[in-house]
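Quick look at upload.cif (mmCIF, C-alpha atoms and all ligand atoms):
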```cif
data_structure
#
loop_
_atom_site.label_atom_id
_atom_site.label_comp_id
_atom_site.auth_asym_id
_atom_site.auth_seq_id
_atom_site.Cartn_x
_atom_site.Cartn_y
_atom_site.Cartn_z
CA MET M 14 -7.79 16.50 15.29
CA THR M 15 -4.44 16.46 17.04
CA GLU M 16 -1.54 18.37 15.63
CA HIS M 17 0.24 15.18 14.65
CA ALA M 18 -2.62 13.47 12.87
CA ALA M 19 -1.67 12.75 9.29
CA GLY M 20 -2.68 10.88 6.21
CA ARG M 21 -0.34 9.86 3.44
CA PHE M 22 0.20 8.55 -0.06
CA ALA M 23 2.96 5.98 -0.42
CA PRO M 24 3.72 5.19 -4.05
CA SER M 25 6.21 2.57 -5.21
CA PRO M 26 8.43 4.17 -7.87
CA SER M 27 8.13 1.32 -10.33
CA GLY M 28 6.92 3.56 -13.16
CA ASP M 29 4.65 6.52 -13.87
CA LEU M 30 1.43 6.89 -11.89
CA HIS M 31 -1.66 6.04 -13.91
CA LEU M 32 -5.17 7.34 -13.40
CA GLY M 33 -5.89 4.66 -10.81
CA ASN M 34 -2.88 5.72 -8.73
CA LEU M 35 -3.69 9.41 -9.22
CA ARG M 36 -7.28 8.80 -8.12
CA THR M 37 -6.08 7.00 -4.97
CA ALA M 38 -3.64 9.84 -4.27
CA LEU M 39 -6.43 12.38 -4.72
CA LEU M 40 -8.65 10.41 -2.34
CA ALA M 41 -5.88 10.10 0.26
CA TRP M 42 -5.37 13.88 0.06
CA LEU M 43 -9.14 14.53 0.31
CA PHE M 44 -9.54 12.23 3.32
CA ALA M 45 -6.60 13.89 5.08
CA ARG M 46 -7.45 17.49 4.27
CA SER M 47 -11.19 17.11 4.90
CA THR M 48 -10.43 15.82 8.41
CA GLY M 49 -7.86 18.52 9.24
CA ARG M 50 -4.92 16.17 8.94
CA ALA M 51 -1.47 16.79 7.56
CA PHE M 52 -0.72 14.95 4.33
CA ARG M 53 2.61 13.24 3.75
CA ILE M 54 4.29 11.49 0.86
CA ARG M 55 6.50 8.48 1.33
CA VAL M 56 8.31 6.95 -1.61
CA GLU M 57 8.39 3.19 -1.06
CA ASP M 58 11.64 2.51 -2.84
CA LEU M 59 12.80 -0.72 -1.22
CA ASP M 60 11.90 -2.62 -4.33
CA ARG M 61 11.04 -2.26 -8.02
CA VAL M 62 12.65 1.14 -8.50
CA ARG M 63 12.74 2.58 -11.99
CA PRO M 64 15.27 5.42 -12.23
CA GLY M 65 13.55 8.81 -12.42
CA ALA M 66 10.09 7.38 -11.66
CA ALA M 67 9.85 8.80 -8.12
CA GLU M 68 10.67 12.30 -9.33
CA ARG M 69 8.08 12.04 -12.11
CA GLN M 70 5.48 10.73 -9.66
CA LEU M 71 6.05 13.69 -7.32
CA ALA M 72 5.89 16.13 -10.24
CA ASP M 73 2.60 14.58 -11.42
CA LEU M 74 1.04 14.80 -7.95
CA ALA M 75 2.01 18.46 -7.77
CA ALA M 76 0.79 19.08 -11.32
CA ILE M 77 -2.74 17.89 -10.50
CA GLY M 78 -2.78 20.25 -7.51
CA LEU M 79 -1.95 17.97 -4.58
CA ASP M 80 0.29 19.44 -1.90
CA TRP M 81 1.94 17.79 1.06
CA ASP M 82 3.48 18.66 4.39
CA GLY M 83 7.14 18.29 5.24
CA PRO M 84 9.82 16.66 3.16
CA VAL M 85 9.12 13.51 1.15
CA THR M 86 10.23 10.41 3.06
CA TRP M 87 12.30 7.85 1.18
CA GLN M 88 11.75 4.42 2.62
CA SER M 89 15.22 3.25 1.56
CA ARG M 90 16.76 5.80 3.95
CA ARG M 91 14.94 4.20 6.86
CA ILE M 92 16.34 0.69 6.49
CA ASP M 93 18.44 0.90 9.68
CA ARG M 94 15.29 1.67 11.62
CA HIS M 95 13.47 -1.26 9.97
CA HIS M 96 16.31 -3.60 10.94
CA ALA M 97 16.28 -2.27 14.50
CA VAL M 98 12.58 -3.12 14.81
CA ILE M 99 13.16 -6.57 13.31
CA ASP M 100 15.91 -7.10 15.90
CA GLU M 101 13.51 -6.06 18.67
CA LEU M 102 10.99 -8.63 17.48
CA SER M 103 13.71 -11.28 17.29
CA ALA M 104 14.89 -10.46 20.81
CA ALA M 105 11.31 -10.98 21.98
CA GLY M 106 11.25 -14.44 20.36
CA LEU M 107 8.78 -13.30 17.73
CA THR M 108 10.66 -14.27 14.57
CA TYR M 109 12.11 -17.33 12.90
CA GLU M 110 14.19 -18.07 9.85
CA CYS M 111 12.43 -19.55 6.85
CA PHE M 112 14.29 -21.40 4.12
CA CYS M 113 11.32 -22.25 1.92
CA THR M 114 11.41 -21.41 -1.75
CA ARG M 115 8.42 -19.70 -3.35
CA ARG M 116 7.55 -22.97 -5.03
CA GLU M 117 7.64 -24.96 -1.79
CA ILE M 118 5.34 -22.42 -0.17
CA GLN M 119 2.89 -22.55 -3.05
CA GLN M 120 2.79 -26.34 -2.92
CA ALA M 121 2.35 -26.43 0.85
CA ALA M 122 -0.15 -23.56 0.92
CA SER M 123 -2.42 -25.31 -1.55
CA ALA M 124 -2.75 -28.28 0.81
CA PRO M 125 -6.38 -28.87 1.82
CA HIS M 126 -6.10 -27.21 5.22
CA GLY M 127 -5.20 -23.73 6.39
CA PRO M 128 -6.40 -20.45 4.96
CA MET M 129 -5.71 -19.70 1.31
CA GLY M 130 -2.47 -17.89 0.67
CA ALA M 131 -1.27 -18.23 4.24
CA TYR M 132 2.23 -19.47 4.98
CA PRO M 133 1.74 -22.97 6.37
CA GLY M 134 4.45 -22.68 9.02
CA THR M 135 6.86 -25.17 7.45
CA CYS M 136 9.98 -23.68 9.10
CA ARG M 137 8.34 -22.58 12.34
CA ALA M 138 9.56 -25.49 14.41
CA LEU M 139 12.95 -26.19 12.83
CA THR M 140 15.61 -27.15 15.35
CA ALA M 141 18.93 -25.32 15.50
CA THR M 142 20.54 -28.30 13.78
CA GLU M 143 18.01 -28.29 10.96
CA ARG M 144 18.48 -24.56 10.48
CA ALA M 145 22.24 -24.98 10.38
CA ALA M 146 21.88 -27.74 7.78
CA ARG M 147 19.75 -25.52 5.55
CA ARG M 148 22.15 -22.62 5.90
CA ALA M 149 24.98 -24.94 4.95
CA GLU M 150 23.09 -25.80 1.75
CA GLY M 151 23.40 -22.11 0.94
CA ARG M 152 19.68 -21.43 1.16
CA PRO M 153 19.02 -17.75 1.89
CA ALA M 154 16.80 -17.36 4.92
CA ALA M 155 13.89 -14.97 5.13
CA LEU M 156 12.79 -13.92 8.59
CA ARG M 157 9.14 -14.47 9.48
CA LEU M 158 6.92 -13.27 12.26
CA ARG M 159 6.06 -15.94 14.81
CA SER M 160 2.43 -14.89 14.89
CA ARG M 161 0.33 -15.68 17.94
CA THR M 162 -2.92 -15.31 16.14
CA ALA M 163 -4.45 -16.68 12.97
CA GLU M 164 -6.78 -13.74 12.35
CA PHE M 165 -7.15 -10.09 13.25
CA GLU M 166 -9.99 -7.64 12.81
CA ILE M 167 -9.67 -4.10 11.54
CA VAL M 168 -12.24 -1.41 10.92
CA ASP M 169 -12.29 0.26 7.54
CA GLU M 170 -14.18 3.45 6.72
CA LEU M 171 -15.55 1.93 3.53
CA HIS M 172 -15.60 -1.80 4.28
CA GLY M 173 -16.63 -1.73 7.93
CA ARG M 174 -15.31 -4.51 10.14
CA TYR M 175 -12.93 -6.71 8.24
CA ARG M 176 -11.45 -9.87 9.66
CA GLY M 177 -8.54 -11.43 7.84
CA VAL M 178 -5.72 -13.90 8.00
CA VAL M 179 -2.57 -13.24 9.97
CA ASP M 180 0.01 -15.86 9.09
CA ASP M 181 3.72 -15.98 9.83
CA PHE M 182 4.40 -13.32 7.21
CA VAL M 183 7.86 -12.26 6.05
CA LEU M 184 9.53 -9.39 7.92
CA ARG M 185 12.89 -9.54 6.17
CA ARG M 186 13.28 -11.08 2.76
CA GLY M 187 15.90 -13.63 1.83
CA ASP M 188 17.99 -10.88 0.20
CA GLY M 189 18.09 -9.01 3.52
CA THR M 190 15.62 -6.27 2.50
CA PRO M 191 12.91 -5.31 5.01
CA ALA M 192 9.57 -6.60 3.74
CA TYR M 193 6.77 -4.23 2.78
CA ASN M 194 4.47 -5.40 5.61
CA LEU M 195 7.13 -4.51 8.18
CA ALA M 196 8.33 -1.26 6.61
CA VAL M 197 4.84 0.15 6.09
CA VAL M 198 3.90 -0.39 9.74
CA VAL M 199 7.11 1.10 11.13
CA ASP M 200 7.10 4.06 8.76
CA ASP M 201 3.44 4.92 9.30
CA ALA M 202 3.92 4.83 13.07
CA ASP M 203 7.14 6.88 13.03
CA GLN M 204 5.59 9.48 10.74
CA GLY M 205 2.50 9.92 12.91
CA ILE M 206 0.24 8.51 10.20
CA ASP M 207 -3.13 7.76 11.77
CA GLN M 208 -5.12 7.53 8.53
CA VAL M 209 -4.22 5.11 5.76
CA VAL M 210 -6.08 5.55 2.47
CA ARG M 211 -4.99 3.22 -0.32
CA GLY M 212 -6.25 0.81 -2.97
CA ASP M 213 -8.48 -2.00 -1.80
CA ASP M 214 -6.10 -4.58 -3.26
CA LEU M 215 -4.19 -4.06 0.00
CA LEU M 216 -7.17 -4.77 2.27
CA PRO M 217 -6.27 -8.49 2.68
CA SER M 218 -2.78 -7.55 4.01
CA THR M 219 -4.17 -5.05 6.48
CA PRO M 220 -5.00 -7.42 9.36
CA ARG M 221 -1.35 -8.55 9.27
CA GLN M 222 -0.13 -4.96 9.43
CA ALA M 223 -2.56 -3.93 12.16
CA TYR M 224 -1.61 -6.96 14.25
CA LEU M 225 2.10 -6.16 13.84
CA ALA M 226 1.41 -2.57 14.89
CA THR M 227 -0.22 -3.77 18.11
CA LEU M 228 2.69 -6.17 18.80
CA LEU M 229 5.07 -3.22 18.49
CA GLY M 230 2.94 -1.04 20.75
CA PHE M 231 1.91 1.32 17.94
CA SER M 232 -1.64 2.54 17.56
CA VAL M 233 -3.50 1.09 14.63
CA PRO M 234 -4.36 3.77 12.05
CA ARG M 235 -7.82 4.35 10.63
CA TYR M 236 -8.11 2.72 7.25
CA ALA M 237 -10.01 3.51 4.09
CA HIS M 238 -9.43 1.08 1.26
CA VAL M 239 -10.75 2.66 -1.90
CA PRO M 240 -11.91 0.85 -5.03
CA LEU M 241 -9.43 0.39 -7.83
CA VAL M 242 -9.80 1.59 -11.38
CA LEU M 243 -10.48 -1.18 -13.87
CA ASN M 244 -10.01 -1.45 -17.62
CA ARG M 245 -12.64 -2.53 -20.15
CA GLU M 246 -11.99 -6.19 -19.37
CA GLY M 247 -12.66 -5.63 -15.68
CA LYS M 248 -8.98 -6.05 -14.81
CA ARG M 249 -6.93 -3.60 -12.80
CA LEU M 250 -5.97 -0.60 -14.97
CA ALA M 251 -2.39 -0.83 -16.28
CA LYS M 252 -0.09 1.24 -18.44
CA ARG M 253 -0.72 -0.99 -21.46
CA ASP M 254 -4.40 0.01 -21.45
CA GLY M 255 -3.61 3.15 -23.41
CA ALA M 256 -3.47 6.83 -22.48
CA VAL M 257 -3.59 6.41 -18.71
CA THR M 258 -0.75 8.52 -17.28
CA LEU M 259 -0.83 12.28 -16.81
CA ALA M 260 1.83 12.64 -19.54
CA ASP M 261 -0.36 10.54 -21.89
CA ARG M 262 -3.40 12.71 -21.17
CA LEU M 263 -1.45 15.94 -21.68
CA ALA M 264 -0.16 14.57 -24.98
CA LEU M 265 -3.81 14.20 -26.05
CA GLY M 266 -4.30 17.91 -25.45
CA GLU M 267 -5.91 17.69 -22.02
CA THR M 268 -4.86 19.93 -19.14
CA PRO M 269 -4.13 18.81 -15.57
CA GLY M 270 -7.50 20.41 -14.72
CA ASP M 271 -9.21 18.12 -17.24
CA VAL M 272 -7.58 15.12 -15.59
CA VAL M 273 -8.75 16.26 -12.15
CA ALA M 274 -12.24 16.79 -13.63
CA LEU M 275 -12.18 13.23 -14.97
CA LEU M 276 -11.15 11.83 -11.59
CA ALA M 277 -13.70 14.02 -9.80
CA ALA M 278 -16.46 12.83 -12.16
CA SER M 279 -15.51 9.22 -11.38
CA LEU M 280 -16.20 10.04 -7.73
CA GLY M 281 -19.49 11.77 -8.52
CA TYR M 282 -18.24 15.38 -8.35
CA ARG M 283 -17.63 18.30 -10.68
CA ALA M 284 -14.36 20.10 -9.97
CA ASN M 285 -11.19 21.09 -11.78
CA THR M 286 -8.86 21.24 -8.78
CA PRO M 287 -8.46 19.22 -5.60
CA VAL M 288 -9.17 22.34 -3.52
CA GLU M 289 -12.47 22.87 -5.33
CA LEU M 290 -13.37 19.24 -4.73
CA LEU M 291 -12.53 19.51 -1.04
CA GLY M 292 -15.51 21.82 -0.44
CA SER M 293 -18.04 19.16 -1.41
CA PHE M 294 -16.15 15.93 -0.60
CA ARG M 295 -18.15 13.49 1.54
CA PRO M 296 -16.36 10.19 2.19
CA GLU M 297 -19.65 8.46 3.01
CA SER M 298 -21.00 9.07 -0.48
CA LEU M 299 -18.04 7.58 -2.35
CA PRO M 300 -18.93 5.00 -4.97
CA GLY M 301 -18.28 1.56 -3.49
CA GLN M 302 -17.75 0.00 -6.90
CA PRO M 303 -14.56 0.20 -8.95
CA TRP M 304 -14.47 2.81 -11.70
CA THR M 305 -14.11 1.33 -15.14
CA PHE M 306 -12.01 3.50 -17.38
CA ASP M 307 -11.75 3.07 -21.09
CA PRO M 308 -9.05 5.39 -22.42
CA LEU M 309 -10.63 5.21 -25.89
CA ASP M 310 -13.97 6.62 -24.70
CA VAL M 311 -12.59 9.92 -23.56
CA VAL M 312 -10.06 10.66 -26.28
CA ASN M 313 -10.70 14.20 -27.50
CA SER M 314 -13.61 14.68 -25.13
CA GLY M 315 -11.45 17.06 -23.13
CA GLY M 316 -11.87 14.67 -20.22
CA ASN M 317 -14.65 16.88 -18.90
CA PRO M 318 -17.76 14.74 -18.94
N1 LIG O 401 3.63 1.28 -1.99
C1 LIG O 401 2.39 0.57 -2.10
C2 LIG O 401 1.90 0.60 -3.52
O1 LIG O 401 2.24 1.53 -4.26
C3 LIG O 401 1.29 1.18 -1.26
C4 LIG O 401 1.46 0.90 0.14
C5 LIG O 401 0.45 1.53 1.05
O2 LIG O 401 -0.24 2.50 0.67
O3 LIG O 401 0.41 1.06 2.16
O4 LIG O 401 1.17 -0.28 -3.90
#
```

Mind turning the file's structure into structure tokens?
Ligand code: GLU
Amino acid sequence: MTEHAAGRFAPSPSGDLHLGNLRTALLAWLFARSTGRAFRIRVEDLDRVRPGAAERQLADLAAIGLDWDGPVTWQSRRIDRHHAVIDELSAAGLTYECFCTRREIQQAASAPHGPMGAYPGTCRALTATERAARRAEGRPAALRLRSRTAEFEIVDELHGRYRGVVDDFVLRRGDGTPAYNLAVVVDDADQGIDQVVRGDDLLPSTPRQAYLATLLGFSVPRYAHVPLVLNREGKRLAKRDGAVTLADRLALGETPGDVVALLAASLGYRANTPVELLGSFRPESLPGQPWTFDPLDVVNSGGNP
């Protein structure tokens, strides 16, 4: 492994991390450390920031025994760099302004042609006059990628080859904020991230990101999209499902070690610390199915199944 190889965890500070987020963070750490990589944390605070949440997230990661290399990166401090990359793409003729509202996109995208959820290209061929007219109406313009492909294939450690849609996705939102799909690609490349481990809800966006990376001349990282944690109803675990954050579990009398043991058990291991888990961690034997967590089942069990 080269000196600069690194994995990362990139939480959005919209609230406390729940067991699903902690499990993904633990997996990202295990993938990085078990392959001799550095491990970095990037707080993705361009959006949905709840005051104090980032600090609590970092404290929770440390409390369950995860460590990281170098200072935490705050995405909001990198906005100038994001805009510089957007300008580069624009100078290369690879962007266009889009004046569509969310509603217009939904209506157009549900038309009986084109891939589901893909932007149908409504504003792609607007003339300068048409653009000026829309600006004059006061419509805020987002900036989209003028994609030269409709699909792109990536390789994922858990999902194998995965081919997915690349549409003219948003690079800069109507409010001027760099979009997630742009920021994540630029930040991963600048931070030397060559291994991206995250929830498999993000797998469908990955071909877009990998394609953008190649357009910008960045190498495409290795990906591992890990299964999410589900609640009793088979839906993605959420705060309202009960005692699902570290603070909630501690309030029930569990220790951080109990919480690690619970996460380890969900992955098929017995361990009370990440370091202990590292000795036996084998990415190829990870469960491919989501873990269903019922907070009521483990109350008072000490979390140590
Ligand atoms: N910030 C994103 C989230 O918390 C994750 C982005 C990523 O790992 O690429 O959902």

Q: Mind checking which residues fall within 8 Å of M:Asp180, counting only C-alpha atoms, ignoring those fewer than 3 positions away in the same chain, and posting them as a list of chain:residue names?
A: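 Here the answer would be M:Ala131, M:Tyr132, M:Pro133, M:Ser160, M:Thr162, M:Ala163, M:Glu164, M:Arg221.
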
(Q) Neighbours of ligand LIG 401 (chain O) at 9 Å or closer, counting only C-alpha atoms and all ligand atoms: which residues, as number ranges by chain? (A) M: 21-27, 34, 55-58, 193-194, 197-198, 201, 209-212, 214-215, 219

Take the residues from that selection and write them out as a compact mmCIF listing (two decimals), in the coordinates of the input, keeping C-alpha atoms.
```txt
# COMPACT_ATOMS: atom_id res chain seq x y z
CA ARG M 21 -0.34 9.86 3.44
CA PHE M 22 0.20 8.55 -0.06
CA ALA M 23 2.96 5.98 -0.42
CA PRO M 24 3.72 5.19 -4.05
CA SER M 25 6.21 2.57 -5.21
CA PRO M 26 8.43 4.17 -7.87
CA SER M 27 8.13 1.32 -10.33
CA ASN M 34 -2.88 5.72 -8.73
CA ARG M 55 6.50 8.48 1.33
CA VAL M 56 8.31 6.95 -1.61
CA GLU M 57 8.39 3.19 -1.06
CA ASP M 58 11.64 2.51 -2.84
CA TYR M 193 6.77 -4.23 2.78
CA ASN M 194 4.47 -5.40 5.61
CA VAL M 197 4.84 0.15 6.09
CA VAL M 198 3.90 -0.39 9.74
CA ASP M 201 3.44 4.92 9.30
CA VAL M 209 -4.22 5.11 5.76
CA VAL M 210 -6.08 5.55 2.47
CA ARG M 211 -4.99 3.22 -0.32
CA GLY M 212 -6.25 0.81 -2.97
CA ASP M 214 -6.10 -4.58 -3.26
CA LEU M 215 -4.19 -4.06 0.00
CA THR M 219 -4.17 -5.05 6.48
```

Q.
From the options M:Leu265, M:Leu158, M:Ala192, M:Leu275, which residue's atoms come nearest to M:Trp304, counting all atoms listed in the file?
A.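 Comparing M:Leu265, M:Leu158, M:Ala192, M:Leu275 against M:Trp304, the winner is M:Leu275.
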
Q: Name the closest residue to M:Asp307 among the candidates M:Asp271, M:Asp213, M:Glu246, M:Glu289; distances are taken between atoms, counting all atoms listed in the file.
A: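 Going through M:Asp271, M:Asp213, M:Glu246, M:Glu289 one by one, the smallest distance to M:Asp307 is for M:Glu246.
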
Q: Between atom CA of M:Asp254 and atom CA of M:Pro240, measure the distance and give it in Å to one decimal.
A: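 These two atoms are separated by 18.1 Å.
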
(Q) Quick one: residues within 8 Å of M:Ser232, all atoms listed in the file, excluding same-chain residues fewer than 3 positions away - as JSON, numbers by chain? (A) {"M": [202, 207, 226, 227]}

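With distances restricted to all atoms listed in the file, M:Pro303 is the closest residue to M:Leu243 from M:Pro217, M:Pro269, M:Pro303, M:Gly187.
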
**Q.** Interatomic distance (Å, one decimal) between atom CA of M:Ala278 and atom CA of M:Val257
**A.**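 We find that atom CA of M:Ala278 and atom CA of M:Val257 lie 15.8 Å from each other.
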
Just want the 9 Å neighbourhood of M:His95, counted on only C-alpha atoms, with same-chain residues fewer than 4 positions away dropped. Output as an mmCIF file with C-alpha atoms, in the coordinates of the input.
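Writing done, so here's result13.cif:
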```
data_model
loop_
_atom_site.group_PDB
_atom_site.id
_atom_site.type_symbol
_atom_site.label_atom_id
_atom_site.label_comp_id
_atom_site.auth_asym_id
_atom_site.auth_seq_id
_atom_site.Cartn_x
_atom_site.Cartn_y
_atom_site.Cartn_z
ATOM 1 C CA ARG M 91 14.940 4.200 6.860
ATOM 2 C CA ILE M 99 13.160 -6.570 13.310
ATOM 3 C CA ASP M 100 15.910 -7.100 15.900
ATOM 4 C CA PRO M 191 12.910 -5.310 5.010
ATOM 5 C CA LEU M 195 7.130 -4.510 8.180
ATOM 6 C CA ALA M 196 8.330 -1.260 6.610
ATOM 7 C CA VAL M 199 7.110 1.100 11.130
ATOM 8 C CA ASP M 200 7.100 4.060 8.760
#
```

Q. Which is closer to M:Glu117 than all the others in M:Cys136, M:Ala223, M:Leu290, M:Leu259, using only C-alpha atoms?
A.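 Using only C-alpha atoms, M:Glu117 sits closest to M:Cys136.
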
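Among the candidates M:Phe306, M:Ala154, M:Phe231, M:Pro220, the one nearest to M:Lys248 when counting only C-alpha atoms is M:Phe306.
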
(Q) Set the distance at 12 Å and use all atoms listed in the file: which residues neighbour M:Arg253 once local chain neighbours fewer than 5 positions away are removed? I'd like the list as number ranges by chain. (A) M: 29, 31, 244, 248, 258, 261, 307-308

**Q.** Between atom CA of M:Gly151 and atom CA of M:Thr114, distance in Å (one decimal)
**A.**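 Atom-to-atom, atom CA of M:Gly151 and atom CA of M:Thr114 are spaced 12.3 Å apart.
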
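Minimum atom-to-atom distance to M:Leu250, evaluated using all atoms listed in the file, belongs to M:Thr305 out of M:Leu276, M:Thr305, M:Ala149, M:Arg185.
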
(Q) Within 10 Å of (-18.0, 5.8, -3.7) (file coordinates; only C-alpha atoms), which protein or nucleic acid residues are there? I'd like them as number ranges by chain. (A) M: 171, 239-240, 279-281, 295-304

Serialized selection, C-alpha atoms, as a PDB file, in the frame of the given file:
```
ATOM      1  CA  LEU M 171     -15.550   1.930   3.530  1.00  0.00           C
ATOM      2  CA  VAL M 239     -10.750   2.660  -1.900  1.00  0.00           C
ATOM      3  CA  PRO M 240     -11.910   0.850  -5.030  1.00  0.00           C
ATOM      4  CA  SER M 279     -15.510   9.220 -11.380  1.00  0.00           C
ATOM      5  CA  LEU M 280     -16.200  10.040  -7.730  1.00  0.00           C
ATOM      6  CA  GLY M 281     -19.490  11.770  -8.520  1.00  0.00           C
ATOM      7  CA  ARG M 295     -18.150  13.490   1.540  1.00  0.00           C
ATOM      8  CA  PRO M 296     -16.360  10.190   2.190  1.00  0.00           C
ATOM      9  CA  GLU M 297     -19.650   8.460   3.010  1.00  0.00           C
ATOM     10  CA  SER M 298     -21.000   9.070  -0.480  1.00  0.00           C
ATOM     11  CA  LEU M 299     -18.040   7.580  -2.350  1.00  0.00           C
ATOM     12  CA  PRO M 300     -18.930   5.000  -4.970  1.00  0.00           C
ATOM     13  CA  GLY M 301     -18.280   1.560  -3.490  1.00  0.00           C
ATOM     14  CA  GLN M 302     -17.750   0.000  -6.900  1.00  0.00           C
ATOM     15  CA  PRO M 303     -14.560   0.200  -8.950  1.00  0.00           C
ATOM     16  CA  TRP M 304     -14.470   2.810 -11.700  1.00  0.00           C
TER      17      TRP M 304
END
```

(Q) Quick one: residues within 12 Å of M:Ala277, only C-alpha atoms, excluding same-chain residues fewer than 4 positions away - as number ranges by chain? (A) M: 32, 35-37, 39-40, 43, 77, 270-273, 281-291, 293-294, 299-300, 304, 316-318

Q: May I have the residues at most 12 Å from (20.0, -26.0, 9.6) in the file's coordinates, counting all atoms listed in the file, as a list in words?
A: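 Residues lying no farther than 12 Å from the given point: Glu110, Cys111, Phe112, Cys136, Ala138, Leu139, Thr140, Ala141, Thr142, Glu143, Arg144, Ala145, Ala146, Arg147, Arg148, Ala149, Glu150, Gly151, Arg152, Pro153 and Ala154 of chain M.
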